[in-house]
Structures are given as C-alpha cells and as structure tokens.
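**Student:** Structure: start08.cif, mmCIF, C-alpha atoms.
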```cif
data_structure
#
loop_
_atom_site.group_PDB
_atom_site.id
_atom_site.type_symbol
_atom_site.label_atom_id
_atom_site.label_comp_id
_atom_site.auth_asym_id
_atom_site.auth_seq_id
_atom_site.Cartn_x
_atom_site.Cartn_y
_atom_site.Cartn_z
ATOM 1 C CA LYS A 120 3.858 13.588 -25.652
ATOM 2 C CA ILE A 121 6.716 12.363 -27.830
ATOM 3 C CA LYS A 122 8.784 9.779 -25.979
ATOM 4 C CA THR A 123 12.374 10.926 -25.432
ATOM 5 C CA ALA A 124 13.722 7.450 -26.266
ATOM 6 C CA VAL A 125 12.488 7.714 -29.858
ATOM 7 C CA TYR A 126 12.818 11.469 -30.305
ATOM 8 C CA PRO A 127 15.063 12.218 -33.291
ATOM 9 C CA SER A 128 17.704 14.912 -33.549
ATOM 10 C CA VAL A 129 15.988 17.772 -35.346
ATOM 11 C CA THR A 130 17.534 20.742 -37.117
ATOM 12 C CA LEU A 131 14.746 23.207 -37.657
ATOM 13 C CA PRO A 132 14.530 25.312 -40.814
ATOM 14 C CA ASP A 133 14.210 29.094 -40.453
ATOM 15 C CA TYR A 134 10.540 28.802 -39.487
ATOM 16 C CA LYS A 135 10.172 32.505 -38.739
ATOM 17 C CA ASP A 136 11.402 33.447 -42.212
ATOM 18 C CA ILE A 137 9.125 30.848 -43.836
ATOM 19 C CA ALA A 138 6.153 32.267 -41.923
ATOM 20 C CA LYS A 139 7.083 35.899 -42.640
ATOM 21 C CA LYS A 140 7.266 35.305 -46.395
ATOM 22 C CA GLU A 141 3.959 33.463 -46.410
ATOM 23 C CA ASN A 142 2.259 36.078 -44.224
ATOM 24 C CA ALA A 143 3.524 38.856 -46.510
ATOM 25 C CA LYS A 144 1.431 37.503 -49.387
ATOM 26 C CA THR A 145 -1.711 39.568 -49.929
ATOM 27 C CA GLU A 146 -5.185 38.360 -50.832
ATOM 28 C CA ASP A 147 -7.978 40.141 -52.684
ATOM 29 C CA PHE A 148 -11.217 39.889 -50.713
ATOM 30 C CA GLU A 149 -13.199 42.229 -52.948
ATOM 31 C CA ILE A 150 -16.767 41.059 -53.478
ATOM 32 C CA LYS A 151 -18.000 41.163 -57.052
ATOM 33 C CA GLU A 152 -21.651 41.995 -57.684
ATOM 34 C CA LYS A 153 -22.118 38.690 -59.521
ATOM 35 C CA GLU A 154 -21.142 36.774 -56.363
ATOM 36 C CA ILE A 155 -23.964 38.476 -54.471
ATOM 37 C CA GLU A 156 -26.436 37.910 -57.308
ATOM 38 C CA ASP A 157 -25.519 34.230 -57.675
ATOM 39 C CA THR A 158 -25.805 33.644 -53.923
ATOM 40 C CA ILE A 159 -29.227 35.307 -53.793
ATOM 41 C CA LYS A 160 -30.401 33.204 -56.759
ATOM 42 C CA HIS A 161 -29.139 30.051 -55.045
ATOM 43 C CA ILE A 162 -31.038 30.937 -51.851
ATOM 44 C CA ARG A 163 -34.260 31.708 -53.740
ATOM 45 C CA LYS A 164 -33.989 28.480 -55.723
ATOM 46 C CA SER A 165 -33.267 26.410 -52.598
ATOM 47 C CA ARG A 166 -36.465 27.692 -50.950
ATOM 48 C CA ILE A 167 -38.601 26.151 -53.690
ATOM 49 C CA ALA A 168 -36.469 23.088 -54.406
ATOM 50 C CA HIS A 169 -37.649 21.432 -51.156
ATOM 51 C CA ASP A 170 -41.326 21.895 -52.039
ATOM 52 C CA LYS A 171 -42.578 18.424 -52.962
ATOM 53 C CA LYS A 172 -45.382 19.961 -55.026
ATOM 54 C CA VAL A 173 -42.865 21.572 -57.387
ATOM 55 C CA THR A 174 -41.288 19.445 -60.107
ATOM 56 C CA LYS A 175 -37.535 19.454 -60.603
ATOM 57 C CA GLU A 176 -37.995 21.145 -63.977
ATOM 58 C CA ASP A 177 -40.174 23.938 -62.536
ATOM 59 C CA ALA A 178 -37.715 24.494 -59.680
ATOM 60 C CA GLU A 179 -35.071 25.401 -62.276
ATOM 61 C CA LYS A 180 -37.190 28.268 -63.658
ATOM 62 C CA GLU A 181 -36.463 31.615 -62.003
ATOM 63 C CA GLU A 182 -40.026 32.848 -62.527
ATOM 64 C CA ASN A 183 -41.179 30.189 -60.033
ATOM 65 C CA TRP A 184 -38.784 31.263 -57.296
ATOM 66 C CA PRO A 185 -40.044 33.442 -54.410
ATOM 67 C CA ALA A 186 -39.802 37.197 -54.944
ATOM 68 C CA TYR A 187 -36.664 38.810 -53.601
ATOM 69 C CA ASP A 188 -38.005 41.495 -51.286
ATOM 70 C CA ASP A 189 -38.009 42.612 -47.644
ATOM 71 C CA ALA A 190 -40.608 39.990 -46.665
ATOM 72 C CA PHE A 191 -38.467 37.212 -48.167
ATOM 73 C CA VAL A 192 -35.220 38.141 -46.397
ATOM 74 C CA GLN A 193 -37.049 38.618 -43.084
ATOM 75 C CA LYS A 194 -38.062 34.949 -43.280
ATOM 76 C CA LEU A 195 -34.400 33.977 -43.654
ATOM 77 C CA GLY A 196 -33.294 35.467 -40.325
ATOM 78 C CA ALA A 197 -32.851 38.655 -38.330
ATOM 79 C CA PHE A 198 -32.734 41.002 -41.322
ATOM 80 C CA THR A 199 -34.653 44.272 -41.429
ATOM 81 C CA ASP A 200 -34.765 44.598 -45.217
ATOM 82 C CA VAL A 201 -32.992 43.711 -48.472
ATOM 83 C CA ALA A 202 -30.222 46.270 -47.886
ATOM 84 C CA ASP A 203 -29.501 44.863 -44.412
ATOM 85 C CA PHE A 204 -29.481 41.312 -45.801
ATOM 86 C CA GLU A 205 -27.041 42.182 -48.602
ATOM 87 C CA LYS A 206 -24.738 44.019 -46.190
ATOM 88 C CA LYS A 207 -24.542 40.986 -43.899
ATOM 89 C CA LEU A 208 -24.278 38.630 -46.857
ATOM 90 C CA LYS A 209 -21.197 40.520 -48.097
ATOM 91 C CA GLU A 210 -19.688 40.375 -44.597
ATOM 92 C CA ASN A 211 -20.247 36.612 -44.469
ATOM 93 C CA ILE A 212 -18.721 36.052 -47.922
ATOM 94 C CA VAL A 213 -15.650 38.114 -46.971
ATOM 95 C CA ALA A 214 -15.334 36.212 -43.677
ATOM 96 C CA GLU A 215 -15.494 32.884 -45.545
ATOM 97 C CA LYS A 216 -12.883 34.034 -48.078
ATOM 98 C CA LYS A 217 -10.580 35.070 -45.235
ATOM 99 C CA ARG A 218 -11.113 31.725 -43.495
ATOM 100 C CA VAL A 219 -10.246 29.773 -46.659
ATOM 101 C CA ALA A 220 -7.223 32.011 -47.330
ATOM 102 C CA GLY A 221 -6.051 31.512 -43.733
ATOM 103 C CA GLU A 222 -6.303 27.726 -44.082
ATOM 104 C CA LYS A 223 -4.344 27.806 -47.359
ATOM 105 C CA LYS A 224 -1.647 29.976 -45.770
ATOM 106 C CA ARG A 225 -1.411 27.680 -42.763
ATOM 107 C CA ALA A 226 -1.188 24.618 -45.030
ATOM 108 C CA SER A 227 1.554 26.279 -47.082
ATOM 109 C CA ILE A 228 3.613 27.063 -43.971
ATOM 110 C CA LEU A 229 3.279 23.468 -42.757
ATOM 111 C CA GLU A 230 4.199 22.097 -46.181
ATOM 112 C CA GLN A 231 7.360 24.224 -46.292
ATOM 113 C CA LEU A 232 8.315 23.204 -42.754
ATOM 114 C CA ALA A 233 7.866 19.514 -43.589
ATOM 115 C CA THR A 234 9.890 19.852 -46.809
ATOM 116 C CA SER A 235 12.703 21.931 -45.297
ATOM 117 C CA ALA A 236 13.331 19.943 -42.104
ATOM 118 C CA GLN A 237 15.484 16.904 -42.835
ATOM 119 C CA PHE A 238 15.426 14.069 -40.303
ATOM 120 C CA GLU A 239 14.342 10.450 -40.035
ATOM 121 C CA VAL A 240 10.909 9.986 -38.497
ATOM 122 C CA PRO A 241 10.939 7.042 -36.028
ATOM 123 C CA GLU A 242 8.805 4.131 -37.217
ATOM 124 C CA ILE A 243 7.038 3.932 -33.851
ATOM 125 C CA LEU A 244 5.712 7.471 -34.338
ATOM 126 C CA VAL A 245 4.558 6.653 -37.867
ATOM 127 C CA ARG A 246 2.689 3.593 -36.538
ATOM 128 C CA SER A 247 1.147 5.742 -33.809
ATOM 129 C CA GLU A 248 -0.055 8.216 -36.430
ATOM 130 C CA LEU A 249 -1.453 5.390 -38.571
ATOM 131 C CA ASN A 250 -3.370 4.074 -35.556
ATOM 132 C CA LYS A 251 -4.887 7.513 -34.985
ATOM 133 C CA MET A 252 -5.841 7.815 -38.645
ATOM 134 C CA LEU A 253 -7.403 4.343 -38.601
ATOM 135 C CA ALA A 254 -9.401 5.062 -35.421
ATOM 136 C CA GLN A 255 -10.713 8.312 -36.878
ATOM 137 C CA PHE A 256 -11.592 6.667 -40.184
ATOM 138 C CA GLU A 257 -13.345 3.754 -38.471
ATOM 139 C CA GLY A 258 -15.363 6.231 -36.416
ATOM 140 C CA ASP A 259 -16.416 8.031 -39.612
ATOM 141 C CA VAL A 260 -17.463 4.738 -41.216
ATOM 142 C CA ASN A 261 -19.446 3.759 -38.114
ATOM 143 C CA ARG A 262 -21.265 7.093 -38.142
ATOM 144 C CA MET A 263 -22.364 6.313 -41.704
ATOM 145 C CA GLY A 264 -23.978 3.125 -40.413
ATOM 146 C CA ALA A 265 -21.345 0.622 -41.552
ATOM 147 C CA THR A 266 -18.389 -1.243 -40.071
ATOM 148 C CA LEU A 267 -14.771 -1.132 -41.188
ATOM 149 C CA PRO A 268 -14.802 -4.788 -42.371
ATOM 150 C CA GLN A 269 -17.913 -4.038 -44.443
ATOM 151 C CA TYR A 270 -16.257 -1.012 -45.989
ATOM 152 C CA LEU A 271 -13.053 -2.921 -46.776
ATOM 153 C CA GLU A 272 -15.070 -5.717 -48.374
ATOM 154 C CA HIS A 273 -16.918 -3.146 -50.497
ATOM 155 C CA ILE A 274 -13.691 -1.542 -51.825
ATOM 156 C CA LYS A 275 -11.982 -4.949 -52.157
ATOM 157 C CA LYS A 276 -9.005 -4.034 -49.970
ATOM 158 C CA SER A 277 -7.484 -5.275 -46.721
ATOM 159 C CA LYS A 278 -6.685 -3.111 -43.720
ATOM 160 C CA ASP A 279 -2.978 -3.552 -44.491
ATOM 161 C CA ASP A 280 -3.573 -2.297 -48.042
ATOM 162 C CA MET A 281 -5.197 0.827 -46.685
ATOM 163 C CA LEU A 282 -2.478 1.442 -44.088
ATOM 164 C CA THR A 283 0.188 1.056 -46.771
ATOM 165 C CA GLU A 284 -1.564 3.714 -48.864
ATOM 166 C CA TRP A 285 -1.731 6.021 -45.840
ATOM 167 C CA LYS A 286 1.882 5.543 -44.712
ATOM 168 C CA LYS A 287 3.369 8.497 -46.595
ATOM 169 C CA ASP A 288 0.727 10.825 -45.184
ATOM 170 C CA ALA A 289 1.267 9.366 -41.695
ATOM 171 C CA GLU A 290 5.024 10.016 -41.970
ATOM 172 C CA LYS A 291 4.354 13.638 -42.906
ATOM 173 C CA ARG A 292 1.896 14.102 -40.048
ATOM 174 C CA ALA A 293 4.342 12.555 -37.554
ATOM 175 C CA LYS A 294 7.127 14.756 -38.924
ATOM 176 C CA LEU A 295 5.031 17.894 -38.446
ATOM 177 C CA GLU A 296 4.142 16.817 -34.899
ATOM 178 C CA ILE A 297 7.870 16.695 -34.122
ATOM 179 C CA ILE A 298 8.603 20.014 -35.858
ATOM 180 C CA LEU A 299 5.794 21.889 -34.118
ATOM 181 C CA HIS A 300 6.751 20.431 -30.747
ATOM 182 C CA GLU A 301 10.372 21.475 -31.354
ATOM 183 C CA ILE A 302 9.272 25.039 -32.202
ATOM 184 C CA ALA A 303 7.095 25.141 -29.071
ATOM 185 C CA THR A 304 10.064 24.067 -26.963
ATOM 186 C CA LYS A 305 12.413 26.588 -28.558
ATOM 187 C CA GLU A 306 9.943 29.470 -28.266
ATOM 188 C CA LYS A 307 8.758 28.397 -24.793
ATOM 189 C CA LEU A 308 5.165 28.065 -25.913
ATOM 190 C CA ALA A 309 2.945 26.034 -23.603
ATOM 191 C CA PRO A 310 -0.797 26.046 -22.901
ATOM 192 C CA ILE A 311 -1.889 27.301 -19.491
ATOM 193 C CA GLU A 312 -3.459 24.869 -17.042
ATOM 194 C CA GLU A 313 -6.832 26.645 -17.067
ATOM 195 C CA ASP A 314 -7.180 26.219 -20.839
ATOM 196 C CA ILE A 315 -6.155 22.564 -20.594
ATOM 197 C CA LEU A 316 -8.751 21.824 -17.913
ATOM 198 C CA ASN A 317 -11.493 23.720 -19.749
ATOM 199 C CA GLU A 318 -10.875 21.758 -22.937
ATOM 200 C CA ILE A 319 -10.681 18.443 -21.046
ATOM 201 C CA ASN A 320 -14.021 19.158 -19.360
ATOM 202 C CA HIS A 321 -15.568 20.099 -22.696
ATOM 203 C CA LEU A 322 -14.401 16.861 -24.345
ATOM 204 C CA LYS A 323 -15.572 14.782 -21.382
ATOM 205 C CA GLU A 324 -19.132 15.902 -22.111
ATOM 206 C CA HIS A 325 -18.963 14.015 -25.422
ATOM 207 C CA HIS A 326 -16.472 11.283 -24.493
ATOM 208 C CA LYS A 327 -17.404 10.249 -20.965
ATOM 209 C CA ASP A 328 -15.416 6.977 -21.113
ATOM 210 C CA ALA A 329 -12.183 8.549 -22.374
ATOM 211 C CA ASP A 330 -9.006 7.601 -20.510
ATOM 212 C CA PRO A 331 -8.056 10.697 -18.423
ATOM 213 C CA GLU A 332 -4.318 10.417 -19.094
ATOM 214 C CA ARG A 333 -4.750 9.974 -22.851
ATOM 215 C CA LEU A 334 -7.274 12.805 -22.932
ATOM 216 C CA ARG A 335 -4.881 15.181 -21.197
ATOM 217 C CA ILE A 336 -2.013 14.247 -23.546
ATOM 218 C CA TYR A 337 -4.285 14.851 -26.541
ATOM 219 C CA VAL A 338 -5.471 18.235 -25.227
ATOM 220 C CA GLU A 339 -1.969 19.435 -24.332
ATOM 221 C CA SER A 340 -0.706 18.482 -27.789
ATOM 222 C CA MET A 341 -3.652 20.101 -29.556
ATOM 223 C CA LEU A 342 -3.363 23.380 -27.637
ATOM 224 C CA GLU A 343 0.407 23.444 -28.072
ATOM 225 C CA LYS A 344 0.036 23.088 -31.862
ATOM 226 C CA ASP A 345 -2.569 25.870 -31.887
ATOM 227 C CA GLN A 346 -0.149 28.142 -30.034
ATOM 228 C CA VAL A 347 2.676 27.387 -32.465
ATOM 229 C CA MET A 348 0.468 28.108 -35.489
ATOM 230 C CA LYS A 349 -0.713 31.399 -33.971
ATOM 231 C CA PHE A 350 2.916 32.285 -33.274
ATOM 232 C CA LEU A 351 3.854 31.571 -36.899
ATOM 233 C CA GLU A 352 0.861 33.507 -38.239
ATOM 234 C CA GLU A 353 1.952 36.538 -36.195
ATOM 235 C CA GLN A 354 5.401 36.674 -37.831
ATOM 236 C CA LYS A 355 5.627 39.846 -39.950
#
```
Is it possible to give me this structure as structure tokens?

**Tutor:**
Amino acid sequence: KIKTAVYPSVTLPDYKDIAKKENAKTEDFEIKEKEIEDTIKHIRKSRIAHDKKVTKEDAEKEENWPAYDDAFVQKLGAFTDVADFEKKLKENIVAEKKRVAGEKKRASILEQLATSAQFEVPEILVRSELNKMLAQFEGDVNRMGATLPQYLEHIKKSKDDMLTEWKKDAEKRAKLEIILHEIATKEKLAPIEEDILNEINHLKEHHKDADPERLRIYVESMLEKDQVMKFLEEQK
C-alpha cells in the first residue's frame, strides 16, 4: 500500500477517454498462407536439427527434413491429420497475435496515463521501486548461476551506476502505481478476499519463507492493478 504520509496530490487525466480511443483501434488478425508454410517448415527443420547424426549443413536442406504428412503431425501432439493440425495452428497463431496486440494496447494506455498525469513522485516511492527492481534483477542473475557482484564486475559498473541508469524507469513505474491506485479508489475497484487468499496460498507454495504481511500487500496491489487494467480495456 502507498503510505498516506508520502502520497502526492494527483489530478488524473481522462483515463476513460484515453482507454476508449485506444480500444477503438482495430487490428488485422488475418493469417497469410506464407505464415502457415513458414511455421510448418520451421517445425520440420527443428525436428532434424537436434539429431546429432545430421550435420548443420544437411539440416538446412529441406530434402532432409521429415515428410509433412498425417504421421508427422500425429507425433507432434493430439492431431488427427494434416488438416486438423493446420486448423489448430491457425488458431494458435491468431491467439498469439491477439495476445501481442493486447499487450501493445495495454502498454500504450499506460504510457498515455503516465505522460498525461502531472505530479511529483515522492523520492521514497522511487527508492522503493528501485529496490524491487534490484531484487528482481539479482534473482535473475542468481538463477543464471552468478552473483550480483560478479555480474557488476563483468560489466565494469557499480550498483550505484546501475541504479542511476534505472532511476527514470523507476520513477515511471512508481508514477503508474500511484495512477492505477487512484483510479481503483475512484472507481471503487478492489479484489475480493477469496481471490486474495487463493493467490497468497498459491505464492506460498513457491515462497514458503515469504513475510505474510508483505505477501498480502503484494497480492492486493497486483490484483488491484489487474482489475484497473481490465476496467480500462472494457471502455468502449
């Protein structure tokens, strides 16, 4: 939760109008035949590329790829024949295009909200955002089998150098946190207790040592932001 003592006075832009204009934009999800052909070629090539007996040069030659027939697609999954495979492949490509388009639309709405709302973001919230970014980044580095000091030594930078580079992004993220929370308050959007508890229990399975209070704050904030974005995406 954002502490009241540092909460700035916020004048929201016309967020409904911003969302309506963005949502009114149309996308073309038509699948071209070449997209299907290229995807099929990629799949056929990938099946032979992992064969250690096949040289890299031979793997590039289409005549060495497995035949594209019913037997081939049946090995790929629950497909009855080539026609069934291509039908589901088209559905998957359309679904992916819609997902990417949805992410771009959401990013555009957030960008316009951040640009339109004019207020000073408290430094304490920027530092909090930087700490979250650093913790996430350090976790990513650790998962790659290295430590943060090792990484910083490799790129010849200090932690302060990196935080300075991130500050502008942290300010924007903190600003959006405030804006989305303000919209949630104005529109009376709040996650229900059942959803909060379900998400907390799910996260506990992977983060058994997580502080319960911090975990609840994180979940409430995450679900609140999801509700605000759904609300904005529904504006027509």

**Student:** Which polymer residues have any atom within 9 Å of an atom of A:Asn250, counting all atoms listed in the file, with same-chain residues fewer than 5 positions away left out, as a tab-separated table (two decimals) with C-alpha atoms, keeping the file's coordinate frame?

**Tutor:**
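Here's the written file result-v4.tsv:
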```tsv
chain	number	residue	atom	x	y	z
A	245	VAL	CA	4.56	6.65	-37.87
A	255	GLN	CA	-10.71	8.31	-36.88
A	282	LEU	CA	-2.48	1.44	-44.09
```

**Student:** Using all atoms listed in the file, can you tell me which of A:Lys251, A:Glu272, A:Lys224, A:Gln354 comes closest to A:Thr145?

**Tutor:**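 Counting all atoms listed in the file, the residue closest to A:Thr145 is A:Lys224.
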
**Student:** Nearest to A:Lys139 among A:Ala226, A:Leu351, A:Ala190, A:Leu316, with distances taken over all atoms listed in the file: which residue is it?

**Tutor:**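 Closest candidate: A:Leu351.
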
**Student:** List the residues selected by the PyMOL selection byres ((chain A and resi 166) around 12) in the file shown, writing them as a PyMOL selection string.

**Tutor:** chain A and resi 159-165+167-171+173+178-179+181+183-187+191-192+194-195

**Student:** How many Å lie between atom CA of A:Leu253 and atom CA of A:Ala265, rounded to one decimal?

**Tutor:**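 Answer for the atom CA of A:Leu253 to atom CA of A:Ala265 separation: 14.7 Å.
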
**Student:** Which residue, A:Lys216, A:His273, A:Lys286, A:Lys344, has the smallest gap to A:Ala309 when you use only C-alpha atoms?

**Tutor:**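 Looking only at the distances to A:Ala309, the closest residue turns out to be A:Lys344.
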
**Student:** Skip A:Arg292 itself and residues of its chain fewer than 4 positions away, then list as an mmCIF file with C-alpha atoms, in the frame of the given file all residues within 9 Å of it, counting only C-alpha atoms.

**Tutor:**
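Listing of out_35.cif after writing:
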```cif
data_model
loop_
_atom_site.group_PDB
_atom_site.id
_atom_site.type_symbol
_atom_site.label_atom_id
_atom_site.label_comp_id
_atom_site.auth_asym_id
_atom_site.auth_seq_id
_atom_site.Cartn_x
_atom_site.Cartn_y
_atom_site.Cartn_z
ATOM 1 C CA ALA A 233 7.866 19.514 -43.589
ATOM 2 C CA VAL A 245 4.558 6.653 -37.867
ATOM 3 C CA GLU A 248 -0.055 8.216 -36.430
ATOM 4 C CA LYS A 287 3.369 8.497 -46.595
ATOM 5 C CA ASP A 288 0.727 10.825 -45.184
ATOM 6 C CA GLU A 296 4.142 16.817 -34.899
ATOM 7 C CA ILE A 297 7.870 16.695 -34.122
#
```

**Student:** Taking the file as shown, what set of residues would the PyMOL selection byres ((chain A and resi 205) around 12) give back, as a list in words?

**Tutor:**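 This file gives the following for the PyMOL selection byres ((chain A and resi 205) around 12): Ile150, Glu152, Glu154, Ile155, Glu156, Thr158, Ile159, Tyr187, Asp188, Asp189, Val192, Gln193, Phe198, Thr199, Asp200, Val201, Ala202, Asp203, Phe204, Lys206, Lys207, Leu208, Lys209, Glu210, Asn211 and Ile212 of chain A.
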
**Student:** So what do you get for atom CA of A:Leu229 versus atom CA of A:Glu215, distance-wise?

**Tutor:** 21.2 Å

**Student:** For A:Phe350, find every residue with an atom within 10 Å (counting all atoms listed in the file), except residues of its own chain fewer than 6 positions away, and show them as a count of residues only.

**Tutor:** 7
